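Enquirer: Attaching a single structure in structure tokens format; questions to follow.
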Amino acid sequence: MAPTHVLRCCQRGLAWIPVIFIALVVCWSYYAYVVELCIFTIPSIGEQSKFVYLIFFHLSFIMFVWSYWKTIFTKPANPSKEFCLPKAEKERYEKEELPESQQEILWRAATSLPLYTRTGAGAIRYCDRCQVIKPDRCHHCSACDMCVLKMDHHCPWVNNCVGFSNYKFFILFLAYSLVYCLFIAATVLQYFIKFWTLCRRKSAENCPKNELPDTHAKFHVLFLFFVAAMFCISILSLFSYHLWLVGKNRSTIEAFRAPVFRTGSDKNGFSLGFRKNIAQVFGDQKKYWLLPVFTSQGDGLTFPTRLVNSDVEQATVTLQPEPSKSPLSESQNRLLSNDQHANNIGEHLANNTLKSGELGRG
């Protein structure tokens with residue numbers, strides 16, 4: 001037990017290395033921009049530009065650090081106690097050896113739970129590690145060793161699981177880090193060109209008087225531009241991808257493996273239309289969208305779903321068996337889904353009971 005505990009502690013300590021690396025890069029970028037560029041370099045060019053640069057730099061810096069902090073230290077949301085098996089059912093589940101008998105226990109426990117997704121084989125999604133019935137869009141994270149509500153992925157750069165509780169913070173972290181890098185690259189570019197030209201000269205004596213002096217600040221400015229441009233390119237692709245996921249109301253896991261409903265797998269099963277998909281993550285009040293405060297809709301345990309497989313771009317969802325084509329409201333859809341859910345569970349339990357009776361008579 002001791003070696004295992006020590007190994008786990010070492011793993012947890014090593015997991016903070018990417019976060020420490022990012023923190024050191026951000027601290028150095030602050031020093032290079034504020035001290036080396038704005039204090040030691042820009043005064044020889046103009047005071048007004050320095051004042052404007054510092055205002056916008058600190059605004060982007062504060063929002064970037066704030067959203068990054070919230071992404072790191074917001075605890076992932078876990079399934080509530082209602083998704084845990086009762087003590088008696090749990091003991092029966094552990095004693096049963098046949099998967100069919102275990103599934104029958106899970107089906108009985110799931111009758112009162114708002115579950116719409118299944119495993120690929122149509123069974124109840126259950127985590128043996130956490131010993132809970134998984135809510136919709138919930139997955140087990142092996143790095144965090146817990147089930148995370150609406151899990152998107154485990155990000156080593158924040159040493160945390162990105163899920164329901166901090167997905168908005170993660171999106172804002174990507175947005176403000178992109179703005180931070182873009183602002184640095186854009187404002188440093190002219191000084192980067194001047195320093196690069198100066199570095200290519202054989203001696204500083206050939207440097208005209210209107211050029212920048214040959215000081216140690218040039219190394220900070222040169223590397224600052226390279227680092228900002230490199231991070232900008234990498235963050236832009238990741239940010240664009242997650243914006244696409246938000247517009248489709250999918251997680252990274254669901255993008256690679258479509259969720260399975262009672263009617264089969266459906267990659268658009270949780271899509272409600274572009275505007276409602278955005279509101280699912282950022283909330284209804286637009287004034288809070290750009291602030292790293294929690295405003296996501298729902299509780300992370302239940303999510304509105306589509307009743308039928310249909311094109312995402314369709315404005316309404318209708319029930320095909322009915323002759324009339326009038327669209328149903330969301331409340332009607334949810335009620336119908338609950339009725340179908342209860343009926344399916346009842347039919348499944350009845351079939352299992354009949355099978356058990358026939359085996360007993362045989």
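Letters A, B, ... mark the chains of the structure tokens in the order given; residue numbers begin at 1 per chain; ligand numbers begin at 1, in order shown.
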Can you check which residues of stretch 160-309 of chain A DSSP gives as helix (DSSP H, G or I) on the backbone and send them as a PyMOL selection string?

Expert: chain A and resi 167-200+204-206+217-248+252-256+274-282+286-288

Enquirer: Which residues come within 7 Å of stretch 234-244 of chain A, counting only C-alpha atoms, excluding same-chain residues fewer than 4 positions away, as a list in words?

Expert: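 The filter keeps Leu174, Ala175, Leu178, Met230 and Lys248 of chain A.
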
Enquirer: With only C-alpha atoms as the counted atoms, please give the residues lying no more than 12 Å from A:Leu290, apart from itself and same-chain residues fewer than 5 positions off, as number ranges by chain.

Expert: A: 60, 63-64, 66-67, 168-176, 281-283, 285, 295

Enquirer: By how many Å are atom CA of A:Lys218 and atom CA of A:Phe61 apart?

Expert: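 Distance reported for this atom pair: 22.1 Å.
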
Enquirer: Find the residues around stretch 116-123 of chain A up to 9 Å (only C-alpha atoms counted), leave out those fewer than 6 positions away in its own chain, and share them as a list in words.

Expert: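 After dropping sequence-adjacent residues, the list is Gln103, Leu106, Trp107, Pro135, Asp136, Arg137, Pro259, Val260, Phe261, Arg262, Gly264, Ser265, Thr302, Thr305, Ser337, Asn338 and His341 of chain A.
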
Enquirer: Write a file of the selected residues as a compact mmCIF listing (two decimals), in the first residue's frame, keeping all heavy atoms.

Expert:
# COMPACT_ATOMS: atom_id res chain seq x y z
N GLN A 103 -27.78 -6.18 -14.57
CA GLN A 103 -28.52 -5.17 -15.33
C GLN A 103 -29.96 -5.06 -14.85
O GLN A 103 -30.54 -3.97 -14.84
CB GLN A 103 -28.49 -5.52 -16.82
CG GLN A 103 -27.29 -4.95 -17.56
CD GLN A 103 -27.25 -3.43 -17.53
OE1 GLN A 103 -28.22 -2.76 -17.86
NE2 GLN A 103 -26.12 -2.88 -17.12
N LEU A 106 -29.95 -2.80 -11.96
CA LEU A 106 -29.75 -1.42 -12.39
C LEU A 106 -31.01 -0.85 -13.03
O LEU A 106 -31.34 0.33 -12.82
CB LEU A 106 -28.58 -1.34 -13.38
CG LEU A 106 -27.19 -1.69 -12.82
CD1 LEU A 106 -26.15 -1.60 -13.92
CD2 LEU A 106 -26.82 -0.78 -11.66
N TRP A 107 -31.74 -1.66 -13.80
CA TRP A 107 -32.97 -1.19 -14.42
C TRP A 107 -34.01 -0.83 -13.37
O TRP A 107 -34.75 0.15 -13.51
CB TRP A 107 -33.52 -2.26 -15.37
CG TRP A 107 -32.89 -2.23 -16.74
CD1 TRP A 107 -31.82 -2.93 -17.17
CD2 TRP A 107 -33.31 -1.42 -17.84
NE1 TRP A 107 -31.54 -2.63 -18.46
CE2 TRP A 107 -32.44 -1.71 -18.92
CE3 TRP A 107 -34.33 -0.50 -18.02
CZ2 TRP A 107 -32.56 -1.09 -20.15
CZ3 TRP A 107 -34.46 0.10 -19.27
CH2 TRP A 107 -33.57 -0.19 -20.31
N PRO A 135 -25.24 9.59 -14.82
CA PRO A 135 -26.24 10.45 -15.48
C PRO A 135 -25.86 10.66 -16.94
O PRO A 135 -24.76 10.33 -17.39
CB PRO A 135 -26.14 11.76 -14.69
CG PRO A 135 -25.45 11.40 -13.40
CD PRO A 135 -24.55 10.26 -13.72
N ASP A 136 -26.78 11.23 -17.70
CA ASP A 136 -26.51 11.52 -19.10
C ASP A 136 -25.30 12.44 -19.22
O ASP A 136 -25.15 13.40 -18.46
CB ASP A 136 -27.72 12.19 -19.76
CG ASP A 136 -28.91 11.24 -19.83
OD1 ASP A 136 -28.69 10.02 -19.76
OD2 ASP A 136 -30.05 11.73 -19.95
N ARG A 137 -24.41 12.13 -20.16
CA ARG A 137 -23.22 12.91 -20.50
C ARG A 137 -22.15 12.85 -19.41
O ARG A 137 -21.19 13.61 -19.45
CB ARG A 137 -23.60 14.37 -20.80
CG ARG A 137 -24.80 14.53 -21.69
CD ARG A 137 -25.09 15.96 -22.07
NE ARG A 137 -24.22 16.38 -23.18
CZ ARG A 137 -24.32 17.57 -23.79
NH1 ARG A 137 -25.24 18.44 -23.37
NH2 ARG A 137 -23.53 17.88 -24.78
N PRO A 259 -23.48 9.86 -28.44
CA PRO A 259 -24.24 9.25 -27.34
C PRO A 259 -25.32 8.32 -27.88
O PRO A 259 -25.88 8.53 -28.96
CB PRO A 259 -24.87 10.47 -26.64
CG PRO A 259 -24.87 11.55 -27.66
CD PRO A 259 -23.68 11.31 -28.53
N VAL A 260 -25.60 7.27 -27.11
CA VAL A 260 -26.57 6.26 -27.51
C VAL A 260 -27.86 6.48 -26.73
O VAL A 260 -27.85 6.46 -25.49
CB VAL A 260 -26.03 4.83 -27.28
CG1 VAL A 260 -27.06 3.79 -27.68
CG2 VAL A 260 -24.73 4.63 -28.04
N PHE A 261 -28.97 6.66 -27.45
CA PHE A 261 -30.28 6.81 -26.84
C PHE A 261 -31.07 5.53 -27.03
O PHE A 261 -30.57 4.54 -27.58
CB PHE A 261 -31.02 8.01 -27.46
CG PHE A 261 -30.34 9.32 -27.22
CD1 PHE A 261 -29.35 9.77 -28.07
CD2 PHE A 261 -30.68 10.11 -26.14
CE1 PHE A 261 -28.72 10.98 -27.86
CE2 PHE A 261 -30.06 11.33 -25.90
CZ PHE A 261 -29.07 11.76 -26.77
N ARG A 262 -32.32 5.52 -26.59
CA ARG A 262 -33.16 4.34 -26.74
C ARG A 262 -33.39 4.00 -28.21
O ARG A 262 -33.57 2.85 -28.58
CB ARG A 262 -34.49 4.55 -26.03
CG ARG A 262 -34.38 4.64 -24.52
CD ARG A 262 -35.76 4.74 -23.89
NE ARG A 262 -36.48 5.91 -24.30
CZ ARG A 262 -36.37 7.11 -23.71
NH1 ARG A 262 -35.54 7.24 -22.69
NH2 ARG A 262 -37.06 8.13 -24.14
N GLY A 264 -31.16 4.57 -30.54
CA GLY A 264 -29.87 4.38 -31.19
C GLY A 264 -28.96 5.58 -30.98
O GLY A 264 -29.32 6.56 -30.31
N SER A 265 -27.77 5.52 -31.54
CA SER A 265 -26.81 6.62 -31.39
C SER A 265 -27.27 7.82 -32.20
O SER A 265 -27.82 7.69 -33.29
CB SER A 265 -25.42 6.17 -31.85
OG SER A 265 -25.44 5.81 -33.22
N THR A 302 -29.40 16.41 -15.67
CA THR A 302 -30.38 16.20 -16.74
C THR A 302 -30.18 17.26 -17.81
O THR A 302 -29.81 18.40 -17.52
CB THR A 302 -31.81 16.27 -16.21
OG1 THR A 302 -32.03 17.57 -15.62
CG2 THR A 302 -32.05 15.20 -15.17
N THR A 305 -33.33 16.92 -24.51
CA THR A 305 -32.90 16.11 -25.64
C THR A 305 -33.88 16.24 -26.80
O THR A 305 -35.00 16.72 -26.64
CB THR A 305 -32.80 14.62 -25.25
OG1 THR A 305 -34.10 14.17 -24.83
CG2 THR A 305 -31.81 14.42 -24.13
N SER A 337 -41.10 12.08 -23.53
CA SER A 337 -39.88 11.31 -23.31
C SER A 337 -39.94 10.57 -21.99
O SER A 337 -39.52 9.41 -21.89
CB SER A 337 -38.66 12.24 -23.34
OG SER A 337 -38.53 12.82 -24.61
N ASN A 338 -40.46 11.24 -20.96
CA ASN A 338 -40.57 10.58 -19.65
C ASN A 338 -41.52 9.39 -19.71
O ASN A 338 -41.26 8.33 -19.12
CB ASN A 338 -41.05 11.59 -18.59
CG ASN A 338 -39.98 12.61 -18.28
OD1 ASN A 338 -38.79 12.33 -18.41
ND2 ASN A 338 -40.39 13.81 -17.85
N HIS A 341 -39.86 6.64 -21.53
CA HIS A 341 -38.80 6.10 -20.67
C HIS A 341 -39.38 5.11 -19.65
O HIS A 341 -38.87 4.01 -19.45
CB HIS A 341 -38.11 7.27 -19.97
CG HIS A 341 -37.06 6.85 -18.98
ND1 HIS A 341 -35.98 6.07 -19.33
CD2 HIS A 341 -36.96 7.09 -17.65
CE1 HIS A 341 -35.23 5.86 -18.27
NE2 HIS A 341 -35.80 6.46 -17.23

Enquirer: So the first atom is atom CA of A:Lys267 and the second is atom CA of A:Arg250; what is the distance between them in Å, to one decimal place?

Expert: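 Those two atoms sit 7.9 Å apart.
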
Enquirer: Per residue of stretch 55-84 of chain A within 12 Å of stretch 140-152 of chain A, what are the shortest atom pair and its distance in Å to one decimal, counting only C-alpha atoms, with rows by chain and residue number, as JSON lines?

Expert:
{"residue": "A:Lys75", "atom": "CA", "partner": "A:Val148", "partner_atom": "CA", "distance": 9.7}
{"residue": "A:Pro76", "atom": "CA", "partner": "A:Val148", "partner_atom": "CA", "distance": 6.1}
{"residue": "A:Ala77", "atom": "CA", "partner": "A:Leu149", "partner_atom": "CA", "distance": 5.5}
{"residue": "A:Asn78", "atom": "CA", "partner": "A:Val148", "partner_atom": "CA", "distance": 5.1}
{"residue": "A:Pro79", "atom": "CA", "partner": "A:Leu149", "partner_atom": "CA", "distance": 6.6}
{"residue": "A:Ser80", "atom": "CA", "partner": "A:Leu149", "partner_atom": "CA", "distance": 9.9}
{"residue": "A:Phe83", "atom": "CA", "partner": "A:Cys147", "partner_atom": "CA", "distance": 11.4}
{"residue": "A:Cys84", "atom": "CA", "partner": "A:Cys147", "partner_atom": "CA", "distance": 12.0}

Enquirer: With distances taken over only C-alpha atoms, which of A:His139, A:Ser112, A:Glu94, A:Ile20 is nearest to A:Arg125?

Expert: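 The closest residue to A:Arg125 is A:His139.
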
Enquirer: Calculated over only C-alpha atoms, which of the candidates A:Tyr68, A:Pro156, A:Lys90, A:Lys194 has the smallest distance to A:Ser177?

Expert: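 Nearest candidate to A:Ser177 out of A:Tyr68, A:Pro156, A:Lys90, A:Lys194: A:Tyr68.
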